[in-house]
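Containing CSV, C-alpha atoms and all ligand atoms: run07.csv.
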```csv
chain,number,residue,atom,x,y,z
A,1,MET,CA,-71.0,-146.2,-36.3
A,2,ALA,CA,-67.7,-147.7,-37.2
A,3,ARG,CA,-66.0,-149.3,-34.3
A,4,THR,CA,-63.1,-147.6,-32.6
A,5,THR,CA,-59.8,-149.2,-32.2
A,6,THR,CA,-56.2,-148.4,-31.4
A,7,LEU,CA,-54.1,-147.1,-34.3
A,8,SER,CA,-50.8,-148.4,-33.1
A,9,ASN,CA,-50.0,-150.9,-30.5
A,10,LYS,CA,-47.1,-148.8,-29.3
A,11,SER,CA,-47.8,-145.2,-30.0
A,12,GLN,CA,-51.3,-145.5,-28.5
A,13,GLU,CA,-52.7,-143.0,-31.0
A,14,SER,CA,-56.4,-143.6,-31.4
A,15,THR,CA,-58.5,-143.5,-34.5
A,16,LYS,CA,-61.6,-145.0,-35.9
A,17,ILE,CA,-61.4,-147.6,-38.7
A,18,SER,CA,-63.7,-148.9,-41.3
A,19,THR,CA,-63.2,-152.4,-42.3
A,20,ASN,CA,-64.7,-154.3,-45.2
A,21,GLN,CA,-66.8,-156.3,-42.8
A,22,GLU,CA,-68.3,-153.0,-41.5
A,23,VAL,CA,-68.9,-151.7,-44.9
A,24,LEU,CA,-70.8,-154.8,-45.8
A,25,SER,CA,-72.9,-154.6,-42.7
A,26,GLY,CA,-73.9,-151.1,-43.6
A,27,GLU,CA,-71.3,-149.1,-41.8
A,28,SER,CA,-69.9,-145.9,-43.3
A,29,ALA,CA,-67.1,-146.0,-45.9
A,30,THR,CA,-65.0,-143.6,-44.0
A,31,SER,CA,-64.8,-143.5,-40.3
A,32,GLY,CA,-64.1,-139.9,-39.6
A,33,ASP,CA,-63.0,-136.5,-40.9
A,34,PHE,CA,-59.3,-136.7,-41.7
A,35,SER,CA,-59.2,-133.4,-43.6
A,36,ASN,CA,-57.5,-131.7,-40.7
A,37,ASP,CA,-55.0,-134.5,-40.1
A,38,PRO,CA,-51.4,-133.1,-40.2
A,39,ALA,CA,-51.0,-135.0,-43.5
A,40,ASN,CA,-53.9,-133.1,-45.1
A,41,ALA,CA,-54.4,-129.8,-43.3
A,42,SER,CA,-52.2,-127.7,-45.6
A,43,LEU,CA,-53.0,-129.4,-49.0
A,44,THR,CA,-53.6,-126.9,-51.8
A,45,PRO,CA,-56.6,-127.1,-54.1
A,46,GLU,CA,-54.2,-128.0,-56.9
A,47,GLN,CA,-52.9,-131.0,-54.9
A,48,LYS,CA,-56.4,-132.2,-54.2
A,49,ILE,CA,-57.4,-131.9,-57.8
A,50,GLY,CA,-54.2,-133.7,-58.7
A,51,TYR,CA,-55.4,-136.7,-56.7
A,52,LEU,CA,-58.6,-136.9,-58.6
A,53,ARG,CA,-56.8,-136.6,-61.9
A,54,GLU,CA,-54.5,-139.5,-60.9
A,55,MET,CA,-57.3,-141.7,-59.8
A,56,LEU,CA,-59.2,-141.0,-63.0
A,57,ARG,CA,-56.2,-141.6,-65.1
A,58,ILE,CA,-55.7,-145.1,-63.5
A,59,ARG,CA,-59.3,-146.0,-64.0
A,60,ARG,CA,-59.6,-144.9,-67.6
A,61,PHE,CA,-56.3,-146.5,-68.4
A,62,GLU,CA,-57.5,-149.9,-67.1
A,63,GLN,CA,-60.9,-149.6,-68.7
A,64,GLN,CA,-59.2,-149.1,-72.1
A,65,ALA,CA,-57.0,-152.1,-71.4
A,66,LEU,CA,-60.0,-154.2,-70.5
A,67,LYS,CA,-61.7,-153.2,-73.7
A,68,TYR,CA,-58.8,-154.4,-75.9
A,69,TYR,CA,-58.4,-157.5,-73.8
A,70,ASN,CA,-62.0,-158.4,-74.3
A,71,GLN,CA,-61.6,-157.9,-78.1
A,72,GLY,CA,-58.7,-160.3,-78.1
A,73,ILE,CA,-56.2,-157.6,-79.2
A,74,MET,CA,-54.4,-157.6,-75.9
A,75,GLY,CA,-53.2,-160.9,-74.3
A,76,GLY,CA,-51.4,-162.2,-71.2
A,77,PHE,CA,-52.4,-161.5,-67.6
A,78,LEU,CA,-54.4,-158.4,-66.6
A,79,HIS,CA,-55.1,-157.8,-62.9
A,80,LEU,CA,-57.2,-154.7,-62.6
A,81,TYR,CA,-56.8,-152.3,-59.7
A,82,ILE,CA,-60.2,-150.6,-60.4
A,83,GLY,CA,-61.8,-149.7,-57.0
A,84,GLN,CA,-58.4,-149.5,-55.2
A,85,GLU,CA,-57.0,-146.3,-56.9
A,86,SER,CA,-57.1,-144.2,-53.7
A,87,VAL,CA,-54.4,-146.4,-52.1
A,88,ALA,CA,-51.7,-146.0,-54.7
A,89,VAL,CA,-52.5,-142.3,-55.3
A,90,ALA,CA,-52.4,-141.5,-51.6
A,91,THR,CA,-49.1,-143.3,-51.2
A,92,ALA,CA,-47.4,-141.7,-54.2
A,93,SER,CA,-48.5,-138.3,-53.1
A,94,LEU,CA,-46.5,-138.8,-49.9
A,95,MET,CA,-43.2,-139.9,-51.5
A,96,ASN,CA,-40.4,-137.5,-50.7
A,97,GLY,CA,-38.0,-138.2,-53.6
A,98,HIS,CA,-36.0,-140.7,-51.6
A,99,ASP,CA,-38.8,-143.2,-50.8
A,100,GLU,CA,-39.0,-146.4,-52.7
A,101,ILE,CA,-42.1,-148.5,-53.5
A,102,ILE,CA,-42.7,-152.0,-54.7
A,103,THR,CA,-45.8,-154.1,-55.2
A,104,ALA,CA,-47.2,-157.3,-56.5
A,105,TYR,CA,-48.8,-158.1,-59.9
A,106,ARG,CA,-51.8,-155.7,-59.5
A,107,ASP,CA,-49.3,-152.9,-60.3
A,108,HIS,CA,-50.8,-150.5,-62.9
A,109,GLY,CA,-52.2,-148.1,-60.4
A,110,HIS,CA,-48.9,-147.7,-58.5
A,111,ALA,CA,-47.0,-147.3,-61.8
A,112,LEU,CA,-49.2,-144.4,-63.1
A,113,ALA,CA,-49.4,-142.9,-59.6
A,114,VAL,CA,-45.6,-142.6,-59.3
A,115,GLY,CA,-45.5,-140.9,-62.7
A,116,MET,CA,-45.0,-143.6,-65.3
A,117,GLY,CA,-46.4,-142.6,-68.7
A,118,MET,CA,-49.6,-144.2,-70.1
A,119,ASN,CA,-47.8,-144.9,-73.4
A,120,GLU,CA,-45.0,-147.0,-72.0
A,121,CYS,CA,-47.5,-148.8,-69.7
A,122,MET,CA,-50.1,-149.5,-72.3
A,123,ALA,CA,-47.5,-150.7,-74.8
A,124,GLU,CA,-46.2,-153.1,-72.2
A,125,LEU,CA,-49.7,-154.6,-71.9
A,126,PHE,CA,-49.8,-155.0,-75.7
A,127,GLY,CA,-46.4,-156.8,-75.5
A,128,LYS,CA,-44.7,-154.1,-77.6
A,129,GLY,CA,-41.0,-153.1,-77.7
A,130,THR,CA,-41.9,-149.6,-76.7
A,131,GLY,CA,-43.3,-150.9,-73.4
A,132,CYS,CA,-41.6,-150.1,-70.0
A,133,SER,CA,-40.2,-153.6,-69.9
A,134,LYS,CA,-39.7,-153.7,-73.6
A,135,GLY,CA,-42.8,-155.9,-74.0
A,136,LYS,CA,-41.2,-158.8,-72.1
A,137,GLY,CA,-42.9,-158.3,-68.8
A,138,GLY,CA,-46.5,-157.5,-69.5
A,139,SER,CA,-49.1,-156.5,-66.9
A,140,MET,CA,-47.4,-157.9,-63.9
A,141,HIS,CA,-44.0,-156.4,-64.5
A,142,PHE,CA,-44.1,-152.6,-64.8
A,143,PHE,CA,-40.9,-151.1,-63.5
A,144,ALA,CA,-39.5,-147.6,-63.2
A,145,PRO,CA,-36.4,-147.5,-60.9
A,146,ASP,CA,-35.8,-143.9,-61.9
A,147,LYS,CA,-39.2,-143.1,-60.3
A,148,HIS,CA,-38.4,-145.2,-57.2
A,149,TYR,CA,-40.8,-147.9,-58.4
A,150,TRP,CA,-39.4,-151.5,-58.2
A,151,GLY,CA,-42.3,-153.3,-59.8
A,152,GLY,CA,-44.4,-155.5,-60.5
A,153,HIS,CA,-44.0,-159.1,-59.0
A,154,GLY,CA,-45.9,-162.2,-59.8
A,155,ILE,CA,-45.0,-164.5,-56.9
A,156,VAL,CA,-47.4,-163.9,-54.1
A,157,ALA,CA,-45.4,-162.1,-51.3
A,158,GLY,CA,-42.2,-162.4,-53.4
A,159,GLN,CA,-41.9,-158.6,-53.2
A,160,THR,CA,-41.9,-158.5,-49.4
A,161,PRO,CA,-38.2,-159.5,-49.0
A,162,LEU,CA,-37.3,-157.3,-51.9
A,163,GLY,CA,-39.0,-154.4,-50.2
A,164,LEU,CA,-37.1,-155.2,-47.1
A,165,GLY,CA,-33.9,-155.0,-49.2
A,166,LEU,CA,-34.9,-151.6,-50.4
A,167,ALA,CA,-35.3,-150.5,-46.7
A,168,PHE,CA,-32.0,-152.0,-45.8
A,169,ALA,CA,-30.3,-150.2,-48.6
A,170,LEU,CA,-31.8,-146.9,-47.5
A,171,LYS,CA,-30.5,-147.4,-44.0
A,172,TYR,CA,-27.2,-148.7,-45.1
A,173,LYS,CA,-26.6,-145.7,-47.3
A,174,GLY,CA,-27.9,-143.3,-44.7
A,175,ILE,CA,-30.7,-142.0,-46.9
A,176,ASN,CA,-33.7,-140.3,-45.2
A,177,GLY,CA,-36.4,-142.2,-47.0
A,178,CYS,CA,-38.6,-145.2,-46.5
A,179,ALA,CA,-39.6,-148.3,-48.4
A,180,VAL,CA,-43.3,-148.9,-49.0
A,181,CYS,CA,-44.1,-152.5,-49.9
A,182,PHE,CA,-47.7,-153.4,-50.9
A,183,LEU,CA,-49.1,-156.9,-50.5
A,184,GLY,CA,-52.5,-158.4,-50.6
A,185,ASP,CA,-54.6,-160.0,-47.8
A,186,GLY,CA,-53.7,-163.4,-49.2
A,187,ALA,CA,-50.0,-162.7,-49.3
A,188,VAL,CA,-49.9,-162.1,-45.6
A,189,ASN,CA,-50.1,-165.9,-45.1
A,190,GLN,CA,-46.9,-166.6,-47.0
A,191,GLY,CA,-44.1,-167.6,-44.6
A,192,VAL,CA,-41.6,-165.2,-46.1
A,193,PHE,CA,-43.7,-162.3,-44.9
A,194,SER,CA,-43.2,-163.4,-41.3
A,195,GLU,CA,-39.4,-163.7,-41.9
A,196,CYS,CA,-39.5,-160.1,-43.2
A,197,LEU,CA,-41.3,-158.8,-40.1
A,198,ASN,CA,-38.7,-160.5,-37.9
A,199,MET,CA,-35.8,-158.9,-39.8
A,200,ALA,CA,-37.5,-155.5,-40.1
A,201,ALA,CA,-37.9,-155.4,-36.3
A,202,LEU,CA,-34.5,-156.8,-35.6
A,203,PHE,CA,-32.6,-154.5,-37.9
A,204,GLU,CA,-35.0,-151.6,-37.3
A,205,LEU,CA,-35.6,-151.0,-41.0
A,206,PRO,CA,-37.5,-148.1,-42.4
A,207,ILE,CA,-40.3,-150.0,-44.1
A,208,VAL,CA,-44.1,-149.7,-44.3
A,209,TYR,CA,-45.9,-152.9,-45.3
A,210,VAL,CA,-49.2,-151.9,-46.7
A,211,ILE,CA,-51.7,-154.7,-46.8
A,212,GLU,CA,-54.3,-153.8,-49.4
A,213,ASN,CA,-57.1,-155.9,-47.9
A,214,ASN,CA,-59.6,-156.2,-50.7
A,215,GLY,CA,-61.3,-159.1,-49.0
A,216,TYR,CA,-60.3,-161.8,-51.4
A,217,SER,CA,-57.3,-163.7,-52.7
A,218,MET,CA,-58.3,-165.0,-56.1
A,219,GLY,CA,-61.7,-166.6,-55.4
A,220,THR,CA,-61.1,-167.2,-51.7
A,221,SER,CA,-62.6,-164.8,-49.2
A,222,LEU,CA,-60.6,-163.5,-46.2
A,223,ALA,CA,-62.7,-165.5,-43.8
A,224,ARG,CA,-61.9,-168.7,-45.7
A,225,SER,CA,-58.2,-168.1,-46.0
A,226,SER,CA,-57.0,-166.4,-42.8
A,227,ALA,CA,-57.1,-167.0,-39.1
A,228,ILE,CA,-58.0,-163.7,-37.7
A,229,LYS,CA,-58.4,-162.7,-34.1
A,230,HIS,CA,-58.4,-158.9,-34.6
A,231,SER,CA,-57.0,-158.1,-38.0
A,232,LEU,CA,-54.3,-159.1,-40.3
A,233,ALA,CA,-52.0,-156.3,-39.3
A,234,SER,CA,-52.2,-157.1,-35.6
A,235,ARG,CA,-50.1,-160.2,-36.4
A,236,ALA,CA,-47.2,-157.7,-36.4
A,237,GLU,CA,-47.4,-157.5,-32.7
A,238,GLY,CA,-45.8,-161.0,-32.5
A,239,PHE,CA,-42.7,-159.3,-34.0
A,240,ASP,CA,-42.9,-156.2,-31.9
A,241,VAL,CA,-43.7,-154.2,-35.0
A,242,ASP,CA,-46.1,-151.2,-34.9
A,243,TRP,CA,-49.3,-151.8,-36.9
A,244,ALA,CA,-52.5,-149.8,-37.8
A,245,LEU,CA,-55.7,-150.1,-39.6
A,246,CYS,CA,-57.0,-147.6,-42.1
A,247,GLY,CA,-60.1,-147.2,-44.3
A,248,GLY,CA,-59.0,-147.1,-47.9
A,249,PHE,CA,-62.0,-145.4,-49.6
A,250,ASN,CA,-61.2,-141.8,-48.7
A,251,ILE,CA,-57.9,-140.2,-49.8
A,252,TYR,CA,-57.7,-138.1,-46.7
A,253,GLU,CA,-57.9,-141.2,-44.5
A,254,VAL,CA,-55.3,-143.2,-46.5
A,255,ARG,CA,-52.9,-140.2,-46.5
A,256,ALA,CA,-53.3,-139.9,-42.8
A,257,GLY,CA,-52.6,-143.5,-42.2
A,258,LEU,CA,-49.7,-143.7,-44.6
A,259,ASN,CA,-48.1,-140.5,-43.4
A,260,THR,CA,-47.9,-141.6,-39.8
A,261,ALA,CA,-46.2,-144.9,-40.9
A,262,MET,CA,-43.9,-143.3,-43.5
A,263,GLU,CA,-42.8,-140.6,-41.0
A,264,ARG,CA,-42.1,-143.3,-38.4
A,265,ALA,CA,-39.9,-145.2,-40.9
A,266,ARG,CA,-38.0,-142.1,-42.0
A,267,ASN,CA,-37.5,-140.4,-38.7
A,268,GLN,CA,-37.2,-143.4,-36.3
A,269,SER,CA,-36.1,-146.1,-38.7
A,270,LYS,CA,-39.0,-148.3,-37.5
A,271,PRO,CA,-41.2,-150.7,-39.5
A,272,THR,CA,-45.0,-150.5,-39.6
A,273,VAL,CA,-47.7,-152.8,-41.0
A,274,LEU,CA,-50.7,-150.8,-42.2
A,275,GLU,CA,-53.8,-152.7,-43.2
A,276,VAL,CA,-56.0,-150.7,-45.6
A,277,SER,CA,-59.5,-151.9,-46.3
A,278,THR,CA,-60.3,-151.7,-50.0
A,279,TYR,CA,-62.2,-153.5,-52.8
A,280,ARG,CA,-61.6,-154.6,-56.3
A,281,TYR,CA,-64.6,-154.4,-58.7
A,282,TYR,CA,-63.4,-156.9,-61.3
A,283,GLY,CA,-62.3,-160.5,-60.9
A,284,HIS,CA,-58.9,-161.5,-59.6
A,285,SER,CA,-57.7,-161.1,-63.2
A,286,VAL,CA,-59.6,-160.9,-66.5
A,287,ALA,CA,-59.2,-164.7,-66.6
A,288,ASP,CA,-61.3,-165.1,-63.5
A,289,ALA,CA,-64.3,-166.9,-64.9
A,290,ASN,CA,-65.9,-167.1,-61.5
A,291,ALA,CA,-65.6,-163.5,-60.6
A,292,LYS,CA,-69.4,-163.1,-60.1
A,293,LYS,CA,-69.8,-166.4,-58.2
A,294,TYR,CA,-67.8,-166.1,-55.1
A,295,ARG,CA,-69.1,-162.6,-54.4
A,296,SER,CA,-72.7,-161.6,-54.6
A,297,PRO,CA,-73.8,-159.0,-57.2
A,298,GLU,CA,-75.2,-157.0,-54.3
A,299,GLU,CA,-71.8,-156.9,-52.6
A,300,ILE,CA,-70.0,-155.6,-55.7
A,301,GLU,CA,-72.8,-153.1,-56.3
A,302,LYS,CA,-72.7,-151.8,-52.8
A,303,TYR,CA,-69.0,-150.9,-53.1
A,304,LYS,CA,-69.4,-149.4,-56.5
A,305,THR,CA,-72.3,-147.1,-55.6
A,306,GLU,CA,-71.5,-146.2,-52.0
A,307,PHE,CA,-67.8,-146.6,-51.5
A,308,ASP,CA,-66.1,-145.7,-54.8
A,309,PRO,CA,-63.0,-143.8,-53.9
A,310,ILE,CA,-63.3,-141.6,-57.0
A,311,THR,CA,-66.9,-140.7,-56.4
A,312,LEU,CA,-66.3,-140.0,-52.7
A,313,TRP,CA,-63.3,-137.7,-53.6
A,314,GLU,CA,-65.4,-135.9,-56.2
A,315,LYS,CA,-68.1,-135.3,-53.6
A,316,GLN,CA,-65.5,-134.1,-51.2
A,317,LEU,CA,-64.0,-131.6,-53.7
A,318,LEU,CA,-67.5,-130.4,-54.6
A,319,ALA,CA,-68.3,-129.8,-51.0
A,320,GLU,CA,-65.1,-128.0,-50.4
A,321,LYS,CA,-65.8,-125.9,-53.6
A,322,VAL,CA,-62.4,-126.9,-54.9
A,323,LEU,CA,-64.0,-128.1,-58.2
A,324,THR,CA,-67.3,-127.8,-60.0
A,325,GLU,CA,-69.1,-130.6,-61.9
A,326,ALA,CA,-67.9,-129.1,-65.1
A,327,GLY,CA,-64.3,-129.1,-63.8
A,328,ILE,CA,-64.6,-132.8,-62.9
A,329,ALA,CA,-66.0,-133.6,-66.3
A,330,GLU,CA,-63.1,-131.8,-68.0
A,331,ILE,CA,-60.5,-133.8,-66.0
A,332,ASP,CA,-62.3,-137.0,-66.8
A,333,SER,CA,-62.4,-136.3,-70.5
A,334,ALA,CA,-58.7,-135.6,-70.5
A,335,ALA,CA,-58.0,-138.9,-68.7
A,336,LYS,CA,-60.2,-140.8,-71.2
A,337,ALA,CA,-58.5,-139.1,-74.2
A,338,GLU,CA,-55.0,-139.8,-72.8
A,339,ALA,CA,-55.9,-143.5,-72.3
A,340,ALA,CA,-57.4,-143.9,-75.8
A,341,ALA,CA,-54.3,-142.3,-77.3
A,342,ALA,CA,-52.1,-144.6,-75.2
A,343,ALA,CA,-54.0,-147.6,-76.5
A,344,GLN,CA,-53.5,-146.4,-80.1
A,345,PHE,CA,-49.8,-145.9,-79.3
A,346,GLY,CA,-49.6,-149.5,-78.0
A,347,ILE,CA,-51.4,-151.0,-81.0
A,348,GLU,CA,-49.3,-149.1,-83.5
A,349,SER,CA,-45.9,-149.8,-81.8
A,350,PRO,CA,-43.6,-152.5,-83.2
A,351,TRP,CA,-43.1,-155.9,-81.5
A,352,PRO,CA,-39.8,-156.5,-79.8
A,353,ALA,CA,-37.1,-157.4,-82.3
A,354,GLU,CA,-36.4,-161.1,-82.5
A,355,GLU,CA,-32.7,-160.6,-81.9
A,356,THR,CA,-33.4,-159.0,-78.5
A,357,ILE,CA,-35.0,-162.1,-77.1
A,358,PHE,CA,-31.9,-163.0,-74.9
A,359,GLU,CA,-31.5,-159.4,-73.7
A,360,ASP,CA,-32.7,-158.1,-70.3
A,361,ILE,CA,-32.3,-161.4,-68.6
A,362,TYR,CA,-29.1,-160.8,-66.7
A,363,TYR,CA,-28.1,-157.2,-66.0
A,364,GLU,CA,-24.4,-158.0,-65.9
A,365,VAL,CA,-24.5,-159.7,-69.3
A,366,ASP,CA,-26.2,-156.8,-70.9
A,367,HIS,CA,-24.0,-154.2,-69.2
A,368,LYS,CA,-20.8,-156.3,-69.4
A,369,THR,CA,-20.2,-155.8,-65.7
A,370,GLU,CA,-18.4,-158.1,-63.3
A,371,ALA,CA,-20.8,-157.3,-60.6
A,372,GLY,CA,-22.3,-160.7,-60.8
A,373,GLN,CA,-19.0,-162.4,-60.0
A,374,THR,CA,-18.1,-160.0,-57.2
A,375,GLY,CA,-21.6,-160.1,-55.8
A,376,ARG,CA,-21.7,-156.4,-55.4
A,377,HIS,CA,-24.7,-155.4,-57.4
A,378,PHE,CA,-26.2,-152.7,-55.3
A,379,PHE,CA,-23.7,-151.5,-52.8
A,380,SER,CA,-20.6,-151.0,-55.0
A,381,GLU,CA,-20.3,-147.2,-55.0
A,401,LIG,C1,-46.3,-168.3,-54.3
A,401,LIG,C2,-47.6,-168.2,-55.1
A,401,LIG,N1,-48.7,-169.0,-54.9
A,401,LIG,C3,-49.8,-168.8,-55.6
A,401,LIG,C4,-49.9,-167.9,-56.6
A,401,LIG,C5,-51.2,-167.8,-57.4
A,401,LIG,N2,-51.8,-166.6,-57.0
A,401,LIG,C6,-51.7,-165.5,-57.7
A,401,LIG,S1,-52.5,-164.2,-57.0
A,401,LIG,C7,-53.1,-165.1,-55.7
A,401,LIG,C8,-53.9,-164.5,-54.7
A,401,LIG,C9,-53.3,-163.4,-53.9
A,401,LIG,O1,-54.3,-162.6,-53.3
A,401,LIG,P1,-54.0,-161.3,-52.5
A,401,LIG,O2,-52.6,-161.4,-51.8
A,401,LIG,O3,-55.1,-161.0,-51.6
A,401,LIG,O4,-53.8,-160.1,-53.6
A,401,LIG,P2,-54.9,-159.5,-54.6
A,401,LIG,O5,-54.9,-160.3,-55.8
A,401,LIG,O6,-56.2,-159.5,-53.8
A,401,LIG,O7,-54.4,-158.1,-54.9
A,401,LIG,C10,-52.6,-166.4,-55.9
A,401,LIG,C11,-52.9,-167.4,-54.9
A,401,LIG,C12,-48.7,-167.2,-56.9
A,401,LIG,N3,-48.7,-166.3,-57.9
A,401,LIG,N4,-47.6,-167.3,-56.1
A,402,MG,MG,-56.7,-159.7,-51.9
```
Encoded form using structure tokens:
Amino acid sequence: MARTTTLSNKSQESTKISTNQEVLSGESATSGDFSNDPANASLTPEQKIGYLREMLRIRRFEQQALKYYNQGIMGGFLHLYIGQESVAVATASLMNGHDEIITAYRDHGHALAVGMGMNECMAELFGKGTGCSKGKGGSMHFFAPDKHYWGGHGIVAGQTPLGLGLAFALKYKGINGCAVCFLGDGAVNQGVFSECLNMAALFELPIVYVIENNGYSMGTSLARSSAIKHSLASRAEGFDVDWALCGGFNIYEVRAGLNTAMERARNQSKPTVLEVSTYRYYGHSVADANAKKYRSPEEIEKYKTEFDPITLWEKQLLAEKVLTEAGIAEIDSAAKAEAAAAAQFGIESPWPAEETIFEDIYYEVDHKTEAGQTGRHFFSE
């Protein structure tokens, strides 16, 4: 049985958790039935099917990208999210139209989950002018502010103060939304994250920091990188910030954990650190030559066969009779076809024009605004 712990240091709600360590020692992937949690109790079959569709779209998209990368047709960085799809899809499914999200370089899943198109994302990976960042950002820099998605950042933990800024803006403007900022288990050790927690608590900002704990930062395991007494999230206690742990393999569980934290941010303007246990199947990036050396093949296989978030969700939907095997196959075929068409779109798209090379560097230059001089970029209206 998975061990039981306290969900939040302040609210004293209790739940069971499933950590990576427990999974590896043979514990269950999910630690309870979250289908009746307030976040999930009234979900429609269409919504549940939608989560499967989104997870499959992310996986098929990245598999296509990997194929072209391996053929040398695609270049640059490529940090695959495969294995972690449930986290981004669960989060996006809870966004209320005012919530904002931001993440690091492992950003494809979040982008597709918030509604970015496969074409603009795939073209960006190919470095083409039709890409979401006009081919100048690549894999690490997907952005869609119109979809409340603020990227896509390469500096480890660099997105954490930016996420705090989003939360500050929401509070300053009196908008009933929250900011969700994703970071990895390695990013937690960056000093700036501690500064963020201090300010989040001090200013009572509506932010949820989601630690996607996949057990590794590049080739370094959690045990070798982090001093842990209880968990990474429990460090938040030092800043008087609420924290919680959540298994990341079952969409119901991720939605339950996220919903509590997002509601707290929206309704009480309080920050939360939520640590979600998850796993990436591939190396840190496709350039990770040691991907199979710092983790045993058995470990990777165990996650793939027993804790895959897509397989688990498919089983759940079959058990609930929401979908049949044939229905699942149909959704998967559509995702594969969409990803293949997006790759074709990316390949056939033109390169960015040479004369655009100095564009998109400074917003105020491109838009001929004086905002840069007055220092009022974001709060001018
Ligand atoms: C400030 C900084 N230091 C080092 C790096 C190199 N680097 C890129 S990713 C990474 C590991 C981060 O791991 P984690 O936060 O666990 O995220 P994951 O890759 O597992 O999603 C490192 C050290 C960087 N990009 N930025
Ligand atoms: Mg990690």
Per-residue nearest contacts of chain A to ligand LIG 401 (chain A) (6 Å; all atoms listed in the file) as CSV:
```
residue,atom,partner,partner_atom,distance
A:Arg106,CA,A:LIG401,O7,5.8
A:Gly154,CA,A:LIG401,N3,5.3
A:Ile155,CA,A:LIG401,N4,3.9
A:Val156,CA,A:LIG401,N4,3.9
A:Leu183,CA,A:LIG401,O2,5.8
A:Gly184,CA,A:LIG401,O2,3.2
A:Asp185,CA,A:LIG401,O3,4.0
A:Gly186,CA,A:LIG401,O2,3.5
A:Ala187,CA,A:LIG401,O2,3.8
A:Asn214,CA,A:LIG401,O6,5.7
A:Tyr216,CA,A:LIG401,O3,5.3
A:Ser217,CA,A:LIG401,O1,3.3
A:Met218,CA,A:LIG401,C8,4.6
A:His284,CA,A:LIG401,O5,5.6
```
Which residue gives the smallest distance to ligand MG 402 (chain A) among A:Ile211, A:Ala326, A:Leu162, A:Ala65, with only C-alpha atoms and all ligand atoms counted?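 Closest to ligand MG 402 (chain A) of all the choices is A:Ile211.
Distance check against ligand MG 402 (chain A) using all atoms listed in the file: of A:Gln268, A:Ser349, A:Thr44, A:Asn213, the minimum falls on A:Asn213.
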Nearest-residue call for ligand MG 402 (chain A), choices A:Leu112, A:Ala261, A:Ala41, A:Ala223, using only C-alpha atoms and all ligand atoms: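 Once distances to ligand MG 402 (chain A) are computed over only C-alpha atoms and all ligand atoms, the minimum belongs to A:Ala223.
Among A:Ala334, A:Leu222, A:Ile228, A:Ala111, the residue with the shortest atom-to-atom distance to ligand MG 402 (chain A), counting all atoms listed in the file, is A:Leu222.
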Go through segment 235-279 of chain A and flag each residue having an atom no more than 12 Å from segment 301-309 of chain A; for those, report the closest pair of atoms plus their distance in Å to one decimal, using all atoms listed in the file, ordered by chain and rising number, as JSON lines.
```
{"residue": "A:Gly247", "atom": "CA", "partner": "A:Phe307", "partner_atom": "CA", "distance": 10.6}
{"residue": "A:Gly248", "atom": "CA", "partner": "A:Pro309", "partner_atom": "CA", "distance": 7.9}
{"residue": "A:Phe249", "atom": "CA", "partner": "A:Pro309", "partner_atom": "CA", "distance": 4.7}
{"residue": "A:Asn250", "atom": "CA", "partner": "A:Pro309", "partner_atom": "CA", "distance": 5.9}
{"residue": "A:Ile251", "atom": "CA", "partner": "A:Pro309", "partner_atom": "CA", "distance": 7.5}
{"residue": "A:Tyr252", "atom": "CA", "partner": "A:Pro309", "partner_atom": "CA", "distance": 10.6}
{"residue": "A:Glu253", "atom": "CA", "partner": "A:Pro309", "partner_atom": "CA", "distance": 11.0}
{"residue": "A:Val254", "atom": "CA", "partner": "A:Pro309", "partner_atom": "CA", "distance": 10.7}
{"residue": "A:Ser277", "atom": "CA", "partner": "A:Phe307", "partner_atom": "CA", "distance": 11.1}
{"residue": "A:Thr278", "atom": "CA", "partner": "A:Phe307", "partner_atom": "CA", "distance": 9.2}
{"residue": "A:Tyr279", "atom": "CA", "partner": "A:Tyr303", "partner_atom": "CA", "distance": 7.3}
```
Let me make sure I understand: among A:Gln71, A:Ser86, A:Ser226, A:Gln344, which one has the smallest atom-to-atom distance to ligand MG 402 (chain A) if we use all atoms listed in the file?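 Ranked by minimum distance to ligand MG 402 (chain A), first place goes to A:Ser226.
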Calculate, to one decimal in Å, the centre and edge lengths of the box along x, y and z of the file that holds all listed atoms of segment 275-292 of chain A with 6 Å of margin on each side, and present them as lines of an AutoDock Vina configuration file.
```
center_x = -61.6
center_y = -158.9
center_z = -54.9
size_x = 27.6
size_y = 28.4
size_z = 35.4
```
Could you add N, CA and C atoms to segment 221-226 of chain A and give me the result as an mmCIF file, in the coordinates of the input?
```cif
data_model
loop_
_atom_site.group_PDB
_atom_site.id
_atom_site.type_symbol
_atom_site.label_atom_id
_atom_site.label_comp_id
_atom_site.auth_asym_id
_atom_site.auth_seq_id
_atom_site.Cartn_x
_atom_site.Cartn_y
_atom_site.Cartn_z
ATOM 1 N N SER A 221 -62.341 -165.945 -50.032
ATOM 2 C CA SER A 221 -62.600 -164.800 -49.200
ATOM 3 C C SER A 221 -61.625 -164.810 -47.976
ATOM 4 N N LEU A 222 -61.465 -163.662 -47.375
ATOM 5 C CA LEU A 222 -60.600 -163.500 -46.200
ATOM 6 C C LEU A 222 -60.973 -164.519 -45.120
ATOM 7 N N ALA A 223 -62.268 -164.649 -44.904
ATOM 8 C CA ALA A 223 -62.700 -165.500 -43.800
ATOM 9 C C ALA A 223 -62.329 -166.980 -44.074
ATOM 10 N N ARG A 224 -62.225 -167.369 -45.337
ATOM 11 C CA ARG A 224 -61.900 -168.700 -45.700
ATOM 12 C C ARG A 224 -60.364 -168.970 -45.749
ATOM 13 N N SER A 225 -59.605 -167.875 -45.829
ATOM 14 C CA SER A 225 -58.200 -168.100 -46.000
ATOM 15 C C SER A 225 -57.328 -167.741 -44.789
ATOM 16 N N SER A 226 -57.868 -166.926 -43.881
ATOM 17 C CA SER A 226 -57.000 -166.400 -42.800
ATOM 18 C C SER A 226 -57.585 -166.545 -41.438
#
```
